[in-house]
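Everything on this sheet refers to the single structure shown next.
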Amino acid sequence: MDYKDYYKILGVQKDADADTIKKAFRKAARKYHPDVNTDAGADARFKDVSEAYEVLKDPERRAAYDDLGREPKFDKGRYQPPPGWNDGFAFSEGGPQGQEPFSDFFETLFRRSAEHNAGMRPQQGADSHGRIEVSIEDAYRGADRVLTLRAPVVGPDGQVTVQERNISVHVPKGIIAGQHIRLPGQGHAGEAGAGDLFLEVTFAPHPVFHPDGQDLYLDLPIAPWEAALGGHVVMPTPDGKVDLRIPKNARTGQKMRLKGKGLPGPPAGDIYATLKIINPKVETEEARAFFEQMARELAFDPRAHL
Amino acid sequence: MKKSTKSVEVVDALSLKDLCQFCQADEAWVIELVEHGVLSPIGGQPLNWQFVGTNIVRAKKARRLNRDLGINTAGVALVLELLEERDAVLRRLAQYEAQT
């Protein structure tokens, strides 16, 4: 595992007082909270600062951590705490319950055997929560996906290791972003049975379709003559190509609705195609002649209302 | 290693009690969110409440903001509204940028 420099993560000095640490954490937490910051790296940064604060806010844990000393000059990923490193420190073990595990470093050093002390009677394991990113096509048809989960596991000797396990998840047809799927018995282990695993569904960004609930939006480019004359054009849906009838004198920005072609479900969503008239590039003499003829013969001033 | 599973269900409606367990929150806190208009359950009495659709993900977000950042209910309500507005604006911006 990697050594974690909790002071560096929070951007504070080693001798910072509790107040400074709290302030640094609060500021970073606001900035990187995954519900507020949608950047790809924010989630990981938030976990890092939460983990750092979890250790540094507790005087005993902080003392035990400080006692480990500086980051040793080992190879990356090969860090091992010295034997007996936490003798004489009476910090409370375990981290926040029901959350995703922190780093291997934290789980091994600070969550050690916490589960053994918790309560006398057998307890139901806590539910755990996670996210799953699916494509719009998967949501359209349903799909099977394999998800890798990391969870701290206490061995018979009280030593904690972070284990990975793969579970296969069926993405139900018609699922939409923000919905949760429940996998019974796949949460944290407990003596009286495991809790449930809840996965919040998010959509992977799609090059063509922008989802909003069950509806899908897209920009549909059309040629000036298709817009002027109307008629049928072929457009994509997640389920394949369909015919769309364009009205005569269609405008850029005009929205066409394809009822029931959005994400399936009772009732199915719609697809909204926003028309976008694209001019052909004039590169040949013929094309130039066409446009010159239009300029001569069509009494059209697009700026008449200005 | 646990055996893999394929039994899944979509969470589409939760009672007050289920939502509390889902968010690891107590009933008083959920009721406060309802009073602030953050959540709109179906059903008249709290005992008959059913939280459906986006209410579930909103409750979870609210709980995370409350727990991680120490924001009170009124603050959570405001943050969620602003975030939803921001997301709508970002979506529109992405559409405009795609056109140019």
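In the structure tokens, chains take the letters A, B, ... in the order shown, each chain's residues start at 1, and ligands count up from 1 in the order shown.
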
If DSSP is run on the backbone, what residues of range 33-275 of chain A are strand (DSSP E or B)? A reply as a VMD selection string would be ideal.
chain A and resid 128 to 134 143 to 154 160 to 171 180 to 183 197 to 203 210 to 212 215 to 222 231 to 237 240 to 246 255 to 258 271 to 275

Output C-alpha atoms of each residue in that selection to a file, as a PDB file, in the first residue's frame.
ATOM      1  CA  SER A 128     -23.476   0.104   1.309  1.00  0.00           C
ATOM      2  CA  HIS A 129     -23.845   2.656  -1.435  1.00  0.00           C
ATOM      3  CA  GLY A 130     -22.081   3.078  -4.711  1.00  0.00           C
ATOM      4  CA  ARG A 131     -22.477   4.441  -8.205  1.00  0.00           C
ATOM      5  CA  ILE A 132     -22.707   2.733 -11.552  1.00  0.00           C
ATOM      6  CA  GLU A 133     -22.209   4.486 -14.866  1.00  0.00           C
ATOM      7  CA  VAL A 134     -24.179   3.037 -17.731  1.00  0.00           C
ATOM      8  CA  ALA A 143     -27.480  -5.020 -20.008  1.00  0.00           C
ATOM      9  CA  ASP A 144     -25.273  -7.113 -17.767  1.00  0.00           C
ATOM     10  CA  ARG A 145     -22.263  -5.413 -16.286  1.00  0.00           C
ATOM     11  CA  VAL A 146     -19.499  -6.521 -13.932  1.00  0.00           C
ATOM     12  CA  LEU A 147     -18.663  -4.165 -11.102  1.00  0.00           C
ATOM     13  CA  THR A 148     -15.539  -4.309  -8.938  1.00  0.00           C
ATOM     14  CA  LEU A 149     -16.118  -3.423  -5.303  1.00  0.00           C
ATOM     15  CA  ARG A 150     -13.532  -2.798  -2.653  1.00  0.00           C
ATOM     16  CA  ALA A 151     -14.357  -3.569   0.951  1.00  0.00           C
ATOM     17  CA  PRO A 152     -12.258  -3.895   4.111  1.00  0.00           C
ATOM     18  CA  VAL A 153     -12.258  -7.440   5.448  1.00  0.00           C
ATOM     19  CA  VAL A 154     -11.129  -8.426   8.945  1.00  0.00           C
ATOM     20  CA  VAL A 160      -7.589  -5.736   7.947  1.00  0.00           C
ATOM     21  CA  THR A 161      -7.080  -6.168   4.264  1.00  0.00           C
ATOM     22  CA  VAL A 162      -8.953  -4.459   1.508  1.00  0.00           C
ATOM     23  CA  GLN A 163     -10.394  -7.072  -0.778  1.00  0.00           C
ATOM     24  CA  GLU A 164     -11.804  -6.666  -4.209  1.00  0.00           C
ATOM     25  CA  ARG A 165     -14.718  -8.638  -5.409  1.00  0.00           C
ATOM     26  CA  ASN A 166     -16.566  -8.696  -8.665  1.00  0.00           C
ATOM     27  CA  ILE A 167     -20.298  -8.795  -8.820  1.00  0.00           C
ATOM     28  CA  SER A 168     -22.349  -8.979 -11.916  1.00  0.00           C
ATOM     29  CA  VAL A 169     -25.142  -6.475 -12.086  1.00  0.00           C
ATOM     30  CA  HIS A 170     -28.103  -6.535 -14.379  1.00  0.00           C
ATOM     31  CA  VAL A 171     -28.881  -3.026 -15.591  1.00  0.00           C
ATOM     32  CA  HIS A 180     -31.094   3.367  -7.558  1.00  0.00           C
ATOM     33  CA  ILE A 181     -30.838  -0.349  -8.007  1.00  0.00           C
ATOM     34  CA  ARG A 182     -30.746  -2.594  -4.977  1.00  0.00           C
ATOM     35  CA  LEU A 183     -28.673  -5.762  -4.728  1.00  0.00           C
ATOM     36  CA  LEU A 197     -25.904  -2.679  -1.834  1.00  0.00           C
ATOM     37  CA  PHE A 198     -27.518   0.353  -3.439  1.00  0.00           C
ATOM     38  CA  LEU A 199     -26.152   1.640  -6.717  1.00  0.00           C
ATOM     39  CA  GLU A 200     -27.000   5.095  -7.967  1.00  0.00           C
ATOM     40  CA  VAL A 201     -27.224   5.122 -11.745  1.00  0.00           C
ATOM     41  CA  THR A 202     -25.471   7.812 -13.762  1.00  0.00           C
ATOM     42  CA  PHE A 203     -25.296   8.060 -17.537  1.00  0.00           C
ATOM     43  CA  HIS A 210     -28.395  14.341 -24.000  1.00  0.00           C
ATOM     44  CA  PRO A 211     -30.705  12.708 -21.477  1.00  0.00           C
ATOM     45  CA  ASP A 212     -33.138  14.600 -19.275  1.00  0.00           C
ATOM     46  CA  ASP A 215     -36.379  12.135 -22.588  1.00  0.00           C
ATOM     47  CA  LEU A 216     -33.454  12.359 -24.955  1.00  0.00           C
ATOM     48  CA  TYR A 217     -32.352  15.518 -26.746  1.00  0.00           C
ATOM     49  CA  LEU A 218     -30.228  15.783 -29.836  1.00  0.00           C
ATOM     50  CA  ASP A 219     -29.271  18.300 -32.500  1.00  0.00           C
ATOM     51  CA  LEU A 220     -30.339  17.155 -35.951  1.00  0.00           C
ATOM     52  CA  PRO A 221     -28.473  18.785 -38.842  1.00  0.00           C
ATOM     53  CA  ILE A 222     -30.514  19.309 -42.015  1.00  0.00           C
ATOM     54  CA  GLY A 231     -39.925  15.752 -46.332  1.00  0.00           C
ATOM     55  CA  HIS A 232     -38.429  12.705 -44.727  1.00  0.00           C
ATOM     56  CA  VAL A 233     -34.939  12.455 -43.252  1.00  0.00           C
ATOM     57  CA  VAL A 234     -33.283   9.520 -41.515  1.00  0.00           C
ATOM     58  CA  MET A 235     -32.249  10.133 -37.918  1.00  0.00           C
ATOM     59  CA  PRO A 236     -30.639   7.960 -35.220  1.00  0.00           C
ATOM     60  CA  THR A 237     -32.272   6.697 -32.035  1.00  0.00           C
ATOM     61  CA  GLY A 240     -31.682   2.243 -34.623  1.00  0.00           C
ATOM     62  CA  LYS A 241     -32.506   4.649 -37.395  1.00  0.00           C
ATOM     63  CA  VAL A 242     -35.991   6.032 -37.935  1.00  0.00           C
ATOM     64  CA  ASP A 243     -37.706   8.277 -40.452  1.00  0.00           C
ATOM     65  CA  LEU A 244     -38.559  11.799 -39.378  1.00  0.00           C
ATOM     66  CA  ARG A 245     -40.895  14.035 -41.327  1.00  0.00           C
ATOM     67  CA  ILE A 246     -39.652  17.609 -41.536  1.00  0.00           C
ATOM     68  CA  LYS A 255     -37.973  21.042 -31.937  1.00  0.00           C
ATOM     69  CA  MET A 256     -39.412  17.849 -33.345  1.00  0.00           C
ATOM     70  CA  ARG A 257     -40.863  15.356 -30.913  1.00  0.00           C
ATOM     71  CA  LEU A 258     -40.685  11.615 -31.445  1.00  0.00           C
ATOM     72  CA  ILE A 271     -36.880  12.141 -28.244  1.00  0.00           C
ATOM     73  CA  TYR A 272     -36.598  15.840 -29.001  1.00  0.00           C
ATOM     74  CA  ALA A 273     -34.635  16.643 -32.122  1.00  0.00           C
ATOM     75  CA  THR A 274     -33.613  20.277 -32.449  1.00  0.00           C
ATOM     76  CA  LEU A 275     -33.261  21.137 -36.117  1.00  0.00           C
TER      77      LEU A 275
END

Please identify the alpha helix (DSSP H) residues within chain B (assignment by DSSP from backbone atoms) and present them as a ChimeraX atom specification.
/B:16-23,27-35,54-69,73-99

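If only C-alpha atoms are the atoms counted, then among B:Ile56, B:Ala94, B:Leu47, B:Cys23 the closest residue to Val10 in chain B is B:Ile56.
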
Rank B:Ala25, B:Glu97, B:Arg58, B:Asp18 by their smallest atom-to-atom distance to chain A, using only C-alpha atoms, and report the top residue only.
B:Arg58

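Proximity to Asn37 in chain A at 12 Å, evaluated using only C-alpha atoms and with sequence-adjacent residues fewer than 4 positions away removed, yields Ala28, Ala29, Arg30, Lys31, Tyr32, His33, Gly41, Ala42, Asp43, Ala44, Arg45 and Phe46 of chain A; Leu83, Arg86 and Asp87 of chain B.
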
I need the chosen residues saved as an mmCIF file, in the first residue's frame, with C-alpha atoms.
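Writing the result to result10.cif gives the following:
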data_model
loop_
_atom_site.group_PDB
_atom_site.id
_atom_site.type_symbol
_atom_site.label_atom_id
_atom_site.label_comp_id
_atom_site.auth_asym_id
_atom_site.auth_seq_id
_atom_site.Cartn_x
_atom_site.Cartn_y
_atom_site.Cartn_z
ATOM 1 C CA ALA A 28 -11.533 21.503 0.840
ATOM 2 C CA ALA A 29 -14.738 19.566 1.576
ATOM 3 C CA ARG A 30 -16.887 22.369 0.139
ATOM 4 C CA LYS A 31 -14.679 22.598 -2.910
ATOM 5 C CA TYR A 32 -14.425 18.911 -3.730
ATOM 6 C CA HIS A 33 -17.748 17.539 -2.489
ATOM 7 C CA GLY A 41 -11.122 13.958 -9.954
ATOM 8 C CA ALA A 42 -13.266 15.657 -7.296
ATOM 9 C CA ASP A 43 -14.666 12.451 -5.833
ATOM 10 C CA ALA A 44 -11.177 11.067 -5.156
ATOM 11 C CA ARG A 45 -9.958 14.367 -3.711
ATOM 12 C CA PHE A 46 -12.962 14.526 -1.394
ATOM 13 C CA LEU B 83 -27.217 22.862 -8.037
ATOM 14 C CA ARG B 86 -26.523 25.049 -12.393
ATOM 15 C CA ASP B 87 -26.829 21.594 -13.933
#

Please list as a list in words every residue within 12 Å of Lys22 in chain A, counting only C-alpha atoms and excluding residues in the same chain fewer than 2 positions away.
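Once the nearby chain positions are removed, what remains is Tyr7, Leu10, Gly11, Val12, Ala16, Asp17, Ala18, Asp19, Thr20, Ala24, Phe25, Arg26, Lys27, Ala28, Ala29, Val49, Ser50, Ala52, Tyr53, Glu54, Val55, Leu56, Lys57 and Asp58 of chain A; Leu69 of chain B.
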
Rounded to one decimal, what separation in Å do you get between CA of Glu84 in chain B and CA of Trp49 in chain B?
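Calculated distance between CA of Glu84 in chain B and CA of Trp49 in chain B is 24.2 Å.
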
CA of Phe51 in chain B to CA of Ser15 in chain B, straight-line distance in Å:
6.3 Å

Two-atom distance - CA of Val76 in chain B, CA of Asn55 in chain B (Å)
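The value is 13.9 Å.
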
Would you pick out the contacts of Arg141 in chain A at 9 Å or less, using only C-alpha atoms, so that residues sharing its chain but fewer than 6 positions from it are not included, and give the list as an MDAnalysis selection string?
chainID A and resid 171:174 238:239 264

N, CA, C and O atoms of the current selection, written as a PDB file, in the first residue's frame:
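So the final result, stored in result_20.pdb, reads:
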ATOM      1  N   VAL A 171     -28.345  -4.381 -15.448  1.00  0.00           N
ATOM      2  CA  VAL A 171     -28.881  -3.026 -15.591  1.00  0.00           C
ATOM      3  C   VAL A 171     -30.269  -3.158 -16.212  1.00  0.00           C
ATOM      4  O   VAL A 171     -30.400  -3.582 -17.353  1.00  0.00           O
ATOM      5  N   PRO A 172     -31.321  -2.851 -15.430  1.00  0.00           N
ATOM      6  CA  PRO A 172     -32.662  -3.078 -15.965  1.00  0.00           C
ATOM      7  C   PRO A 172     -32.987  -2.121 -17.104  1.00  0.00           C
ATOM      8  O   PRO A 172     -32.551  -0.981 -17.107  1.00  0.00           O
ATOM      9  N   LYS A 173     -33.742  -2.627 -18.066  1.00  0.00           N
ATOM     10  CA  LYS A 173     -34.192  -1.822 -19.197  1.00  0.00           C
ATOM     11  C   LYS A 173     -35.019  -0.643 -18.673  1.00  0.00           C
ATOM     12  O   LYS A 173     -35.870  -0.814 -17.803  1.00  0.00           O
ATOM     13  N   GLY A 174     -34.739   0.530 -19.189  1.00  0.00           N
ATOM     14  CA  GLY A 174     -35.547   1.698 -18.829  1.00  0.00           C
ATOM     15  C   GLY A 174     -35.061   2.443 -17.600  1.00  0.00           C
ATOM     16  O   GLY A 174     -35.727   3.369 -17.137  1.00  0.00           O
ATOM     17  N   PRO A 238     -31.395   5.478 -30.080  1.00  0.00           N
ATOM     18  CA  PRO A 238     -30.575   4.411 -29.493  1.00  0.00           C
ATOM     19  C   PRO A 238     -30.985   3.028 -29.981  1.00  0.00           C
ATOM     20  O   PRO A 238     -30.253   2.058 -29.845  1.00  0.00           O
ATOM     21  N   ASP A 239     -32.171   2.943 -30.583  1.00  0.00           N
ATOM     22  CA  ASP A 239     -32.691   1.662 -31.023  1.00  0.00           C
ATOM     23  C   ASP A 239     -32.535   1.454 -32.523  1.00  0.00           C
ATOM     24  O   ASP A 239     -33.049   0.491 -33.067  1.00  0.00           O
ATOM     25  N   PRO A 264     -37.241   3.651 -22.481  1.00  0.00           N
ATOM     26  CA  PRO A 264     -38.468   2.864 -22.331  1.00  0.00           C
ATOM     27  C   PRO A 264     -39.002   2.903 -20.893  1.00  0.00           C
ATOM     28  O   PRO A 264     -38.276   3.201 -19.958  1.00  0.00           O
TER      29      PRO A 264
END

Spatial neighbours of Ala74 in chain B, 9 Å, only C-alpha atoms, chain gap at least 5 places, as a VMD selection string
chain B and resid 33 36 79

Go through A:Pro34, A:Pro101, A:Gly142, A:Gly178 and flag the residue nearest chain B, using only C-alpha atoms for the distances.
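Among the listed residues, the smallest separation from chain B belongs to A:Gly178.
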
With only C-alpha atoms as the basis for distance, which of B:Val8, B:Leu39, B:Ile71, B:Leu16 is at the shortest distance from chain A?
B:Val8
